[in-house]
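The structure under discussion appears below in the form of structure tokens.
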There are 2 protein chains.
Amino acid sequence: MARIKCTTSYDGTNFSGYQVQPEKRTVQGEIEAALSRIHKGQPMKITSSGRTDAGVHARAQVFHFDSPLSIPEPNWIRALNGQLPNDIFIRRAEIAASDFHARFDVREKEYHYRILTSQEPDMFRRLYTYHLPEDLDLSKMREACSYFIGTHDFTSFCATNTSVKDKVRTIYSMDIFVENDEVVIAVKGEGFLYQMVRIMTGTLIEVGLNKLAPSEIKAILLKRDRRAAPKTAPAHGLIMWQVSY
Amino acid sequence: MARIKCTTSYDGTNFSGYQVQPEKRTVQGEIEAALSRIHKGQPMKITSSGRTDAGVHARAQVFHFDSPLSIPEPNWIRALNGQLPNDIFIRRAEIAASDFHARFDVREKEYHYRILTSQEPDMFRRLYTYHLPEDLDLSKMREACSYFIGTHDFTSFCATNTSVKDKVRTIYSMDIFVENDEVVIAVKGEGFLYQMVRIMTGTLIEVGLNKLAPSEIKAILLKRDRRAAPKTAPAHGLIMWQVSY
């Protein structure tokens, strides 16, 4: 039995999220179906670094699975991509240590949120950026980021429909940079709660629009109440950028 | 009756081309249906600068239509975009002279063909670039372009299933430039035959791969036979960039 570690990108547009759900097209469902075909119909299960919500994209999501097949390492990538639809692509496939775990071994996750600030929408980036034709105050947004960095109870920045009890998370860094007409929010942390990056982004946008003072983030965190934070930014601007082990 | 001139962008991915066809989703069909809704169900017809093939995109396609409604000029854009699906966007709508004609008055059309040359495919550009992970010889491709410029019989660069008789066209300019990891072919001309830009692109790719000498283009043009030219480049790398009047 070999444990295979895969790095995959996907376009979240046409998926009902990452996790398998009955009757829905999901990333996990498509990959497990592809693996099952490679294994002559045997049901297969993959374990990822974590889920992404419906509409969220991935540049480098990681998952692992165990296989009884003795396929040489360089051939896995071709075998998988040959079975997968166009909106999922395996970027790397390697034989990992038998105790490697895609979820438990995560050291750091990085997400990017892309905001297109041009006056006009862009037909060819509409699926991968959130179009917000406004002047954002980047220095205020950067100041706001500083309140998120560190270890906090992020209850105010977590969607309420979650079963997770411990809402304390650690953010290592949060940067704002400009790429042509896009404002990119890049956040690194040990892990994130359900919709946490999108709620933090929605909050940073309010700050950038001068509707919220950066220092108010401190108070919102202390309230531990989702209703204290602004609305969730749309899913399609978010990309799972990298997972480090 | 007012004649309205519209500039539109569209994502060709999910259309069976531009021109109305029964039972198919087309750009023209969607726009005419939207206009018909604005005109209380009255059938509406638009005239564009020309068709684009299935899968080809547009950054700035132009069409006109006549309307009996007295909608103020600035309101047309909102009325139209409010009725259109996400993959068509009206960028400008203006009241034109009553004798303006989107097809007959064209002075110049510009197309861009984007080739992604990175080793790895890019999930987020896969719909709008042709992925060809090869080193292209740009100076040879530029030399090849020079043979296309000017007035020629382009029969060898026209798909055979066309009813157009006169295959003489004039190309004003043809440039190759690099944008990060993309090679872009930009061509301007008075007008183009069916699949002409894609066949010229397929030919330039053969030159870039050193499979064809630039000077052979002269001989291919003289043969006036589609079989003399290499294969057609895929539709999804092509964007109608601009139409000038």
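Simple scheme: letters A, B, ... for chains in structure tokens order, numbers from 1 for residues in each chain, numbers from 1 for ligands in the order shown.
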Exercise for review: Considering only C-alpha atoms, extract the chain B residues located within 10 Å of chain A and return them as a ChimeraX atom specification.
Suggested key: /B:8-11,57-59,86-89,91,120-128
Can you spit out the residues from that selection as a tab-separated table (two decimals), in the first residue's frame, using N, CA and C atoms?
chain	number	residue	atom	x	y	z
B	8	THR	N	-19.79	45.41	-26.87
B	8	THR	CA	-20.05	44.34	-25.90
B	8	THR	C	-18.84	43.41	-25.75
B	9	SER	N	-18.67	42.89	-24.55
B	9	SER	CA	-17.68	41.83	-24.36
B	9	SER	C	-18.45	40.56	-24.03
B	10	TYR	N	-17.90	39.43	-24.40
B	10	TYR	CA	-18.51	38.17	-24.00
B	10	TYR	C	-17.47	37.09	-23.84
B	11	ASP	N	-17.83	36.14	-23.01
B	11	ASP	CA	-17.01	34.96	-22.76
B	11	ASP	C	-17.58	33.86	-23.64
B	57	HIS	N	-13.87	34.49	-27.93
B	57	HIS	CA	-14.30	35.53	-26.99
B	57	HIS	C	-14.32	36.90	-27.65
B	58	ALA	N	-14.94	37.85	-26.99
B	58	ALA	CA	-14.89	39.23	-27.46
B	58	ALA	C	-14.63	40.16	-26.30
B	59	ARG	N	-13.66	41.06	-26.50
B	59	ARG	CA	-13.42	42.14	-25.57
B	59	ARG	C	-14.26	43.35	-25.99
B	86	ASN	N	-24.54	36.58	-17.29
B	86	ASN	CA	-23.23	37.04	-16.82
B	86	ASN	C	-22.12	36.97	-17.85
B	87	ASP	N	-22.29	36.13	-18.86
B	87	ASP	CA	-21.19	36.00	-19.82
B	87	ASP	C	-21.31	36.92	-21.04
B	88	ILE	N	-22.26	37.86	-20.97
B	88	ILE	CA	-22.31	38.95	-21.97
B	88	ILE	C	-22.41	40.25	-21.18
B	89	PHE	N	-21.61	41.24	-21.56
B	89	PHE	CA	-21.66	42.52	-20.86
B	89	PHE	C	-21.61	43.65	-21.88
B	91	ARG	N	-20.62	47.17	-22.78
B	91	ARG	CA	-19.64	48.13	-22.26
B	91	ARG	C	-20.02	49.57	-22.58
B	120	GLU	N	3.47	24.46	-16.94
B	120	GLU	CA	2.25	23.96	-16.29
B	120	GLU	C	1.03	24.70	-16.84
B	121	PRO	N	-0.10	24.03	-16.98
B	121	PRO	CA	-1.32	24.77	-17.34
B	121	PRO	C	-1.72	25.71	-16.19
B	122	ASP	N	-2.52	26.72	-16.49
B	122	ASP	CA	-3.00	27.63	-15.45
B	122	ASP	C	-4.52	27.51	-15.39
B	123	MET	N	-4.99	26.95	-14.28
B	123	MET	CA	-6.43	26.73	-14.07
B	123	MET	C	-7.26	27.98	-14.36
B	124	PHE	N	-6.71	29.16	-14.02
B	124	PHE	CA	-7.51	30.38	-14.07
B	124	PHE	C	-7.36	31.15	-15.39
B	125	ARG	N	-6.57	30.60	-16.30
B	125	ARG	CA	-6.50	31.19	-17.64
B	125	ARG	C	-6.82	30.15	-18.70
B	126	ARG	N	-7.22	28.94	-18.26
B	126	ARG	CA	-7.39	27.87	-19.24
B	126	ARG	C	-8.49	28.17	-20.25
B	127	LEU	N	-9.48	28.97	-19.86
B	127	LEU	CA	-10.59	29.25	-20.77
B	127	LEU	C	-10.27	30.35	-21.77
B	128	TYR	N	-9.20	31.11	-21.51
B	128	TYR	CA	-8.93	32.31	-22.32
B	128	TYR	C	-7.56	32.33	-22.97
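The residue that comes closest to Arg227 in chain B, out of B:Thr203, B:Glu134, B:Glu73, B:Glu108 and on the basis of only C-alpha atoms, is B:Thr203.
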Exercise for review: From a DSSP calculation on the backbone, collect every residue of range 73-143 of chain A in alpha helix (DSSP H) and output the set as JSON, numbers by chain.
Suggested key: {"A": [73, 74, 75, 76, 77, 78, 79, 80, 81, 82, 83, 138, 139, 140, 141, 142, 143]}
Would you save the residues of that selection, restricted to C-alpha atoms, as a PDB file, in the first residue's frame?
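What follows is the written file part_2.pdb:
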ATOM      1  CA  GLU A  73       5.545   7.925  -8.895  1.00  0.00           C
ATOM      2  CA  PRO A  74       5.925   9.902 -12.168  1.00  0.00           C
ATOM      3  CA  ASN A  75       2.921   8.117 -13.718  1.00  0.00           C
ATOM      4  CA  TRP A  76       0.341   9.043 -11.073  1.00  0.00           C
ATOM      5  CA  ILE A  77      -0.050  12.615 -12.301  1.00  0.00           C
ATOM      6  CA  ARG A  78      -0.879  11.463 -15.841  1.00  0.00           C
ATOM      7  CA  ALA A  79      -3.177   8.684 -14.641  1.00  0.00           C
ATOM      8  CA  LEU A  80      -5.134  11.152 -12.508  1.00  0.00           C
ATOM      9  CA  ASN A  81      -5.310  14.047 -14.967  1.00  0.00           C
ATOM     10  CA  GLY A  82      -6.396  11.623 -17.667  1.00  0.00           C
ATOM     11  CA  GLN A  83      -9.495  10.811 -15.592  1.00  0.00           C
ATOM     12  CA  LEU A 138      -5.084  50.597   1.449  1.00  0.00           C
ATOM     13  CA  SER A 139      -3.188  52.125   4.366  1.00  0.00           C
ATOM     14  CA  LYS A 140      -6.311  51.846   6.539  1.00  0.00           C
ATOM     15  CA  MET A 141      -6.812  48.262   5.354  1.00  0.00           C
ATOM     16  CA  ARG A 142      -3.204  47.440   6.245  1.00  0.00           C
ATOM     17  CA  GLU A 143      -3.686  48.923   9.694  1.00  0.00           C
TER      18      GLU A 143
END
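If you measure from each of A:Arg198, A:Arg114, A:His39, A:Arg226 to Thr160 in chain A using only C-alpha atoms, the closest one turns out to be A:Arg226.
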Exercise for review: Go through range 204-245 of chain B and collect every residue that DSSP, computed from the backbone, puts in strand (DSSP E); the answer should be as a list in words.
Suggested key: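 These are the residues in question: Leu238, Ile239, Met240, Trp241, Gln242, Val243 and Ser244 of chain B.
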Written selection (N, CA, C and O atoms) as a CSV table (one decimal), in the first residue's frame:
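The result, stored in result_20.csv:
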chain,number,residue,atom,x,y,z
B,238,LEU,N,-8.6,32.8,-28.8
B,238,LEU,CA,-8.9,34.0,-29.7
B,238,LEU,C,-9.9,35.0,-29.1
B,238,LEU,O,-10.9,34.6,-28.5
B,239,ILE,N,-9.5,36.2,-29.1
B,239,ILE,CA,-10.4,37.3,-28.6
B,239,ILE,C,-10.6,38.4,-29.7
B,239,ILE,O,-9.6,38.9,-30.2
B,240,MET,N,-11.8,38.7,-30.0
B,240,MET,CA,-12.1,39.9,-30.8
B,240,MET,C,-11.7,41.1,-30.0
B,240,MET,O,-12.4,41.3,-29.0
B,241,TRP,N,-10.7,41.8,-30.3
B,241,TRP,CA,-10.2,42.8,-29.4
B,241,TRP,C,-10.8,44.2,-29.6
B,241,TRP,O,-11.1,44.9,-28.7
B,242,GLN,N,-11.0,44.5,-30.9
B,242,GLN,CA,-11.5,45.9,-31.1
B,242,GLN,C,-12.1,46.0,-32.6
B,242,GLN,O,-11.6,45.4,-33.5
B,243,VAL,N,-13.1,46.8,-32.7
B,243,VAL,CA,-13.6,47.1,-34.1
B,243,VAL,C,-13.6,48.7,-34.2
B,243,VAL,O,-14.1,49.4,-33.3
B,244,SER,N,-13.0,49.1,-35.3
B,244,SER,CA,-12.9,50.6,-35.4
B,244,SER,C,-13.8,51.0,-36.6
B,244,SER,O,-13.8,50.3,-37.6
Could you pull the residues within 7 Å of range 65-68 of chain B, counting only C-alpha atoms, minus those fewer than 4 positions along the same chain, as a CSV table (one decimal) with N, CA, C and O atoms, in the first residue's frame?
chain,number,residue,atom,x,y,z
B,1,MET,N,-37.9,56.4,-34.1
B,1,MET,CA,-37.0,55.3,-34.1
B,1,MET,C,-35.5,55.7,-33.9
B,1,MET,O,-35.0,56.6,-34.6
B,2,ALA,N,-34.8,55.1,-33.0
B,2,ALA,CA,-33.4,55.5,-32.7
B,2,ALA,C,-32.5,54.3,-33.1
B,2,ALA,O,-32.9,53.1,-32.8
B,3,ARG,N,-31.4,54.6,-33.6
B,3,ARG,CA,-30.4,53.5,-33.9
B,3,ARG,C,-29.4,53.5,-32.7
B,3,ARG,O,-28.8,54.5,-32.4
B,4,ILE,N,-29.2,52.4,-32.1
B,4,ILE,CA,-28.4,52.3,-30.9
B,4,ILE,C,-27.1,51.5,-31.3
B,4,ILE,O,-27.3,50.4,-31.9
B,5,LYS,N,-26.0,52.0,-31.0
B,5,LYS,CA,-24.7,51.3,-31.3
B,5,LYS,C,-24.2,50.8,-29.9
B,5,LYS,O,-24.0,51.6,-29.0
B,45,LYS,N,-34.0,42.4,-33.7
B,45,LYS,CA,-32.9,41.9,-34.4
B,45,LYS,C,-31.7,42.9,-34.3
B,45,LYS,O,-31.8,44.1,-34.3
B,46,ILE,N,-30.5,42.3,-34.1
B,46,ILE,CA,-29.3,43.1,-34.0
B,46,ILE,C,-28.4,42.8,-35.2
B,46,ILE,O,-28.5,41.7,-35.8
B,47,THR,N,-27.5,43.7,-35.6
B,47,THR,CA,-26.6,43.5,-36.7
B,47,THR,C,-25.2,43.8,-36.1
B,47,THR,O,-25.0,44.9,-35.6
Check your understanding: What lies within 7 Å of Val27 in chain A using only C-alpha atoms, ignoring chain neighbours under 6 positions off, as JSON, numbers by chain?
Key -> {"A": [15, 17, 18, 19]}
Export, as a PDB file, in the first residue's frame, the selected residues with N, CA, C and O atoms.
ATOM      1  N   PHE A  15     -18.622  23.910  -8.993  1.00  0.00           N
ATOM      2  CA  PHE A  15     -18.709  22.896  -7.941  1.00  0.00           C
ATOM      3  C   PHE A  15     -19.576  23.387  -6.784  1.00  0.00           C
ATOM      4  O   PHE A  15     -19.546  24.567  -6.443  1.00  0.00           O
ATOM      5  N   GLY A  17     -18.908  23.220  -3.863  1.00  0.00           N
ATOM      6  CA  GLY A  17     -17.914  23.128  -2.800  1.00  0.00           C
ATOM      7  C   GLY A  17     -16.979  21.943  -2.962  1.00  0.00           C
ATOM      8  O   GLY A  17     -17.011  21.229  -3.965  1.00  0.00           O
ATOM      9  N   TYR A  18     -16.159  21.740  -1.942  1.00  0.00           N
ATOM     10  CA  TYR A  18     -15.154  20.682  -1.976  1.00  0.00           C
ATOM     11  C   TYR A  18     -15.724  19.331  -1.543  1.00  0.00           C
ATOM     12  O   TYR A  18     -15.559  18.313  -2.207  1.00  0.00           O
ATOM     13  N   GLN A  19     -16.390  19.338  -0.406  1.00  0.00           N
ATOM     14  CA  GLN A  19     -16.770  18.072   0.242  1.00  0.00           C
ATOM     15  C   GLN A  19     -17.907  17.319  -0.452  1.00  0.00           C
ATOM     16  O   GLN A  19     -18.878  17.932  -0.910  1.00  0.00           O
TER      17      GLN A  19
END
Practice item. Work out how far CA of Asp105 in chain B is from CA of Thr201 in chain B, in Å to one decimal. Key: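 Taking CA of Thr201 in chain B as the start and CA of Asp105 in chain B as the end point, the length is 26.4 Å.
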Practice item. Tell me which protein, DNA and RNA residues are within 6 Å of Val168 in chain A, counting only C-alpha atoms, leaving out same-chain ones fewer than 2 positions away, and put them as a list of chain:residue names. Key: A:His152, A:Asp153, A:Phe154, A:Asp166
Print the selection's residues with C-alpha atoms to a file, as a PDB file, in the first residue's frame.
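Saved the output as out.pdb:
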ATOM      1  CA  HIS A 152      -7.614  35.423  18.858  1.00  0.00           C
ATOM      2  CA  ASP A 153     -11.067  33.996  19.405  1.00  0.00           C
ATOM      3  CA  PHE A 154     -12.505  34.431  15.888  1.00  0.00           C
ATOM      4  CA  ASP A 166     -12.881  25.921  19.558  1.00  0.00           C
TER       5      ASP A 166
END
**Study point:** For Tyr172 in chain A: contacts at 8 Å, only C-alpha atoms, fewer than 2 positions along chain excluded, given as a list in words
**Key:**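 Near neighbours after the sequence-gap exclusion: Ile149, Gly150, Thr170, Met174, Val187, Lys188, Gly189 and Glu190 of chain A.
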Point to revise | Atom pair CA of Arg169 in chain A / CA of Thr151 in chain A: separation (Å) | key: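 CA of Thr151 in chain A lies at a distance of 5.6 Å from CA of Arg169 in chain A.
You will find CA of Lys211 in chain A at 10.7 Å from CA of Asp137 in chain A.
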